[in-house]
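One structure below.
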Amino acid sequence: MALLEVREVTVAFGGVRALSDVAISAEQGRITGLIGPNGAGKSTLFDVITGLRRPSSGQVFIEGREVTRLGPTRRSRHGLARTFQRLELFGRLTVRDNLLVAAELGSNRRHAAELVDQILDRLGLTRLADTSSDTLSTGAARLVEVARALAAQPKLLLLDEPAAGQDPEETERFADLLRSLAAEGTTVLIVEHDMDLVMSVCDDLHVLDLGKVIASGPPEEIRRNEQVLAAYLGDAA
Ligand SMILES: Nc1ncnc2c1ncn2[C@@H]1O[C@H](COP(=O)(O)OP(=O)(O)OP(=O)(O)O)[C@@H](O)[C@H]1O
């Protein structure tokens with residue numbers, strides 16, 4: 001059974017269908033990529049999975065339980081955490097306090113401070129712990145968003161363009177982090193335009209174009225798929 005299953009989801013904004021009968025899944029302990037051109041519907045699908053947007057039709061299941069009608073807070077209790085494409089840190093709080101807020105909402109609240117210190121250390125953020133979040137570089141802020149999502153100790157981690165604004169060294173370290181999280185059993189679903197990162201870390205890919213899934217499979221298959229090459233990858237693969 002997939003940890004996440006999206007069945008036949010459709011989202012319409014007025015007359016525009018942002019998603020049409022989209023079906024994707026993410027397996028436990030694997031890194032699944034969601035790719036496609038701008039406007040394909042990736043962020044809208046994340047909103048449906050996290051409960052920020054109700055689909056016009058279709059269903060979302062986490063560990064086999066339907067969550068389609070649950071709001072974001074109840075879904076986070078089912079082990080789901082996400083980062084945002086547009087950064088959503090609490091700017092005036094320090095890096096540590098941003099993580100503490102998330103950790104204290106999680107199941108391990110009695111050990112929140114200890115957990116936060118472990119995550120800061122793991123992500124190489126200890127030296128920034130007392131820095132106000134609104135003074136961070138974009139690359140560091142992206143990492144802090146991931147750290148904050150991890151503070152909730154999620155089973156399913158959704159990352160919306162986590163590498164945007166990271167330098168190549170940050171991206172390389174980030175790839176290692178994702179691999180180690182997956183090896184520990186965390187399920188990762190990632191939207192990302194950095195194809196080197198996607199092709200090197202993802203176990204499975206789903207490709208969206210104009211609100212439809214045009215291909216699903218392992219990276220080596222996707223990078224040779226004619227329809228995907230025409231719609232998105234072109235010379236990049
Ligand atoms: N709130 C909204 N109201 C109306 N249309 C919307 C809204 N949000 C998204 N759309 C439209 O839905 C489609 C999918 O947008 P979405 O942001 O999900 O794409 P995306 O794949 O995440 O793109 P990007 O890679 O640029 O982030 C686009 O045509 C977009 O203009």
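Identifiers for the structure tokens are assigned positionally: chains receive A, B, ... in sequence, residues are indexed from 1 per chain, and ligands are indexed from 1 in the order shown.
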Counting only C-alpha atoms and all ligand atoms, what are the residues, protein, DNA or RNA alike, that approach ligand 1 to within 6 Å? I want them as a tab-separated table (two decimals) with N, CA and C atoms, in the first residue's frame.
```
chain	number	residue	atom	x	y	z
A	13	PHE	N	-10.62	26.27	-11.19
A	13	PHE	CA	-10.71	27.67	-10.76
A	13	PHE	C	-11.59	28.36	-11.78
A	18	ALA	N	-7.21	23.43	-13.20
A	18	ALA	CA	-5.80	23.38	-12.79
A	18	ALA	C	-5.33	21.94	-12.69
A	37	PRO	N	6.23	21.79	-16.29
A	37	PRO	CA	6.45	23.21	-16.55
A	37	PRO	C	5.65	24.13	-15.63
A	38	ASN	N	5.99	25.40	-15.64
A	38	ASN	CA	5.26	26.39	-14.83
A	38	ASN	C	3.77	26.33	-15.17
A	39	GLY	N	2.96	26.39	-14.12
A	39	GLY	CA	1.51	26.39	-14.34
A	39	GLY	C	0.93	25.01	-14.56
A	40	ALA	N	1.74	23.96	-14.43
A	40	ALA	CA	1.25	22.59	-14.69
A	40	ALA	C	0.25	22.13	-13.63
A	41	GLY	N	0.33	22.73	-12.42
A	41	GLY	CA	-0.61	22.34	-11.36
A	41	GLY	C	0.07	21.72	-10.14
A	42	LYS	N	1.39	21.81	-10.06
A	42	LYS	CA	2.13	21.13	-8.98
A	42	LYS	C	1.78	21.70	-7.60
A	43	SER	N	1.82	23.05	-7.50
A	43	SER	CA	1.51	23.65	-6.19
A	43	SER	C	0.05	23.41	-5.82
A	44	THR	N	-0.84	23.44	-6.81
A	44	THR	CA	-2.25	23.17	-6.54
A	44	THR	C	-2.42	21.75	-6.00
```
Residue neighbourhood range 45-56 of chain A, 10 Å, only C-alpha atoms, exclusion window fewer than 3 positions, as a PDB file with C-alpha atoms, in the first residue's frame:
```
ATOM      1  CA  LEU A   4       0.149   8.614  -0.075  1.00  0.00           C
ATOM      2  CA  GLU A   5      -2.430   7.992  -2.741  1.00  0.00           C
ATOM      3  CA  VAL A   6      -4.181  10.669  -4.781  1.00  0.00           C
ATOM      4  CA  GLU A   8      -8.653  11.148  -9.774  1.00  0.00           C
ATOM      5  CA  VAL A   9      -8.324  14.655  -8.328  1.00  0.00           C
ATOM      6  CA  THR A  10      -9.829  17.528 -10.275  1.00  0.00           C
ATOM      7  CA  VAL A  11      -9.537  21.205  -9.269  1.00  0.00           C
ATOM      8  CA  ALA A  12     -11.300  23.934 -11.237  1.00  0.00           C
ATOM      9  CA  PHE A  13     -10.710  27.668 -10.757  1.00  0.00           C
ATOM     10  CA  ARG A  17      -9.040  23.204 -14.791  1.00  0.00           C
ATOM     11  CA  ALA A  18      -5.803  23.383 -12.793  1.00  0.00           C
ATOM     12  CA  LEU A  19      -5.937  19.593 -12.274  1.00  0.00           C
ATOM     13  CA  SER A  20      -7.845  16.988 -14.293  1.00  0.00           C
ATOM     14  CA  VAL A  22      -4.825  13.417 -11.379  1.00  0.00           C
ATOM     15  CA  ILE A  24      -0.308   9.844  -8.145  1.00  0.00           C
ATOM     16  CA  LEU A  34       6.570  15.849  -9.053  1.00  0.00           C
ATOM     17  CA  ALA A  40       1.250  22.589 -14.686  1.00  0.00           C
ATOM     18  CA  GLY A  41      -0.609  22.343 -11.360  1.00  0.00           C
ATOM     19  CA  LYS A  42       2.135  21.126  -8.982  1.00  0.00           C
ATOM     20  CA  GLN A  59      -9.780  11.632  -3.048  1.00  0.00           C
ATOM     21  CA  VAL A  60      -6.584  11.703  -0.985  1.00  0.00           C
ATOM     22  CA  PHE A  61      -5.472   8.781   1.198  1.00  0.00           C
ATOM     23  CA  ILE A  62      -2.647   8.656   3.745  1.00  0.00           C
ATOM     24  CA  VAL A  67      -8.246  12.461   4.455  1.00  0.00           C
ATOM     25  CA  THR A  68      -9.936  14.387   1.609  1.00  0.00           C
ATOM     26  CA  ARG A  69     -12.265  16.230   3.951  1.00  0.00           C
ATOM     27  CA  LEU A  70      -9.766  16.876   6.763  1.00  0.00           C
ATOM     28  CA  GLY A  71      -8.203  20.328   7.216  1.00  0.00           C
ATOM     29  CA  PRO A  72      -4.428  20.962   7.304  1.00  0.00           C
ATOM     30  CA  THR A  73      -4.099  20.686  11.090  1.00  0.00           C
ATOM     31  CA  ARG A  74      -5.793  17.289  11.276  1.00  0.00           C
ATOM     32  CA  ARG A  75      -3.656  16.099   8.353  1.00  0.00           C
ATOM     33  CA  SER A  76      -0.504  17.184  10.128  1.00  0.00           C
ATOM     34  CA  LEU A  80       2.173  15.248   7.050  1.00  0.00           C
ATOM     35  CA  ALA A  81       4.427  18.340   6.890  1.00  0.00           C
ATOM     36  CA  ARG A  82       5.304  20.695   4.029  1.00  0.00           C
ATOM     37  CA  THR A  83       7.447  23.590   2.961  1.00  0.00           C
ATOM     38  CA  PHE A  84       6.268  26.416   0.728  1.00  0.00           C
ATOM     39  CA  LEU A 158       6.264  17.576   1.017  1.00  0.00           C
ATOM     40  CA  LEU A 159       8.883  19.987  -0.324  1.00  0.00           C
ATOM     41  CA  ASP A 160       7.914  22.759  -2.752  1.00  0.00           C
ATOM     42  CA  LEU A 189       7.363  14.147  -2.191  1.00  0.00           C
ATOM     43  CA  ILE A 190       9.309  16.917  -3.880  1.00  0.00           C
ATOM     44  CA  VAL A 191       8.407  19.580  -6.453  1.00  0.00           C
ATOM     45  CA  LEU A 208       2.334  16.996 -14.796  1.00  0.00           C
ATOM     46  CA  GLY A 211      -3.135  19.754 -15.095  1.00  0.00           C
TER      47      GLY A 211
END
```
**Study point:** Distance query Asp203 in chain A at most 8 Å, only C-alpha atoms, self and fewer than 3 positions along chain excluded, as a PyMOL selection string
**Key:** chain A and resi 30-33+218-219
Would you give me, as a PDB file with C-alpha atoms, in the first residue's frame, the residues in range 58-212 of chain A that DSSP reads as helix (DSSP H, G or I)?
```pdb
ATOM      1  CA  PRO A  72      -4.428  20.962   7.304  1.00  0.00           C
ATOM      2  CA  THR A  73      -4.099  20.686  11.090  1.00  0.00           C
ATOM      3  CA  ARG A  74      -5.793  17.289  11.276  1.00  0.00           C
ATOM      4  CA  ARG A  75      -3.656  16.099   8.353  1.00  0.00           C
ATOM      5  CA  SER A  76      -0.504  17.184  10.128  1.00  0.00           C
ATOM      6  CA  ARG A  77      -1.595  14.889  12.957  1.00  0.00           C
ATOM      7  CA  VAL A  95      15.702  30.029  13.602  1.00  0.00           C
ATOM      8  CA  ARG A  96      15.499  27.968  16.818  1.00  0.00           C
ATOM      9  CA  ASP A  97      12.120  29.446  17.792  1.00  0.00           C
ATOM     10  CA  ASN A  98      10.700  28.736  14.331  1.00  0.00           C
ATOM     11  CA  LEU A  99      11.553  25.071  14.883  1.00  0.00           C
ATOM     12  CA  LEU A 100      10.322  25.065  18.481  1.00  0.00           C
ATOM     13  CA  VAL A 101       6.866  26.259  17.427  1.00  0.00           C
ATOM     14  CA  ALA A 102       6.585  23.270  15.096  1.00  0.00           C
ATOM     15  CA  ALA A 103       8.118  20.796  17.550  1.00  0.00           C
ATOM     16  CA  GLU A 104       5.758  21.853  20.334  1.00  0.00           C
ATOM     17  CA  LEU A 105       2.768  21.148  18.091  1.00  0.00           C
ATOM     18  CA  ARG A 109       6.460  18.062  22.763  1.00  0.00           C
ATOM     19  CA  ARG A 110       8.111  17.173  26.078  1.00  0.00           C
ATOM     20  CA  HIS A 111      11.409  16.729  24.273  1.00  0.00           C
ATOM     21  CA  ALA A 112      10.909  19.618  21.846  1.00  0.00           C
ATOM     22  CA  ALA A 113      14.071  21.561  22.755  1.00  0.00           C
ATOM     23  CA  GLU A 114      16.244  18.465  22.472  1.00  0.00           C
ATOM     24  CA  LEU A 115      14.674  17.496  19.161  1.00  0.00           C
ATOM     25  CA  VAL A 116      15.205  21.016  17.778  1.00  0.00           C
ATOM     26  CA  ASP A 117      18.893  20.951  18.734  1.00  0.00           C
ATOM     27  CA  GLN A 118      19.314  17.589  16.992  1.00  0.00           C
ATOM     28  CA  ILE A 119      17.691  18.866  13.794  1.00  0.00           C
ATOM     29  CA  LEU A 120      19.723  22.095  13.807  1.00  0.00           C
ATOM     30  CA  ASP A 121      22.872  20.014  14.146  1.00  0.00           C
ATOM     31  CA  ARG A 122      21.856  17.553  11.440  1.00  0.00           C
ATOM     32  CA  THR A 126      23.430  25.357  14.755  1.00  0.00           C
ATOM     33  CA  ARG A 127      25.498  28.472  14.087  1.00  0.00           C
ATOM     34  CA  LEU A 128      22.345  30.222  12.823  1.00  0.00           C
ATOM     35  CA  SER A 133      14.799  34.402  10.316  1.00  0.00           C
ATOM     36  CA  ASP A 134      14.178  37.513   8.221  1.00  0.00           C
ATOM     37  CA  THR A 135      17.942  38.121   7.890  1.00  0.00           C
ATOM     38  CA  THR A 138      17.393  32.451   0.553  1.00  0.00           C
ATOM     39  CA  GLY A 139      19.390  29.210   0.568  1.00  0.00           C
ATOM     40  CA  ALA A 140      19.603  29.162   4.375  1.00  0.00           C
ATOM     41  CA  ALA A 141      15.933  30.117   4.748  1.00  0.00           C
ATOM     42  CA  ARG A 142      14.928  27.174   2.523  1.00  0.00           C
ATOM     43  CA  LEU A 143      16.911  24.849   4.733  1.00  0.00           C
ATOM     44  CA  VAL A 144      15.288  26.310   7.857  1.00  0.00           C
ATOM     45  CA  GLU A 145      11.861  25.663   6.296  1.00  0.00           C
ATOM     46  CA  VAL A 146      12.832  22.036   5.806  1.00  0.00           C
ATOM     47  CA  ALA A 147      14.164  21.935   9.382  1.00  0.00           C
ATOM     48  CA  ARG A 148      10.880  23.321  10.674  1.00  0.00           C
ATOM     49  CA  ALA A 149       8.918  20.693   8.735  1.00  0.00           C
ATOM     50  CA  LEU A 150      11.185  17.997  10.219  1.00  0.00           C
ATOM     51  CA  ALA A 151      10.550  19.335  13.732  1.00  0.00           C
ATOM     52  CA  PRO A 168      25.501  24.023  -5.628  1.00  0.00           C
ATOM     53  CA  GLU A 169      27.202  23.049  -2.370  1.00  0.00           C
ATOM     54  CA  GLU A 170      23.975  23.595  -0.383  1.00  0.00           C
ATOM     55  CA  THR A 171      22.074  21.538  -2.972  1.00  0.00           C
ATOM     56  CA  GLU A 172      24.590  18.685  -2.735  1.00  0.00           C
ATOM     57  CA  ARG A 173      24.283  18.579   1.064  1.00  0.00           C
ATOM     58  CA  PHE A 174      20.531  18.788   0.710  1.00  0.00           C
ATOM     59  CA  ALA A 175      20.491  15.766  -1.615  1.00  0.00           C
ATOM     60  CA  ASP A 176      22.402  13.763   1.025  1.00  0.00           C
ATOM     61  CA  LEU A 177      19.884  14.834   3.667  1.00  0.00           C
ATOM     62  CA  LEU A 178      16.940  13.660   1.548  1.00  0.00           C
ATOM     63  CA  ARG A 179      18.600  10.306   0.927  1.00  0.00           C
ATOM     64  CA  SER A 180      19.228   9.791   4.632  1.00  0.00           C
ATOM     65  CA  LEU A 181      15.665  10.794   5.579  1.00  0.00           C
ATOM     66  CA  ALA A 182      14.276   8.289   3.074  1.00  0.00           C
ATOM     67  CA  ALA A 183      16.645   5.597   4.360  1.00  0.00           C
ATOM     68  CA  MET A 195      16.658  18.487 -12.827  1.00  0.00           C
ATOM     69  CA  ASP A 196      20.136  17.402 -11.681  1.00  0.00           C
ATOM     70  CA  LEU A 197      18.799  17.184  -8.136  1.00  0.00           C
ATOM     71  CA  VAL A 198      15.544  15.513  -9.204  1.00  0.00           C
ATOM     72  CA  MET A 199      17.246  12.917 -11.387  1.00  0.00           C
ATOM     73  CA  SER A 200      19.869  12.106  -8.753  1.00  0.00           C
ATOM     74  CA  VAL A 201      17.635  11.778  -5.663  1.00  0.00           C
TER      75      VAL A 201
END
```
**Study point:** Residue neighbourhood Gly185 in chain A, 9 Å, only C-alpha atoms, exclusion window fewer than 6 positions, as a PyMOL selection string
**Key:** chain A and resi 28-30+155
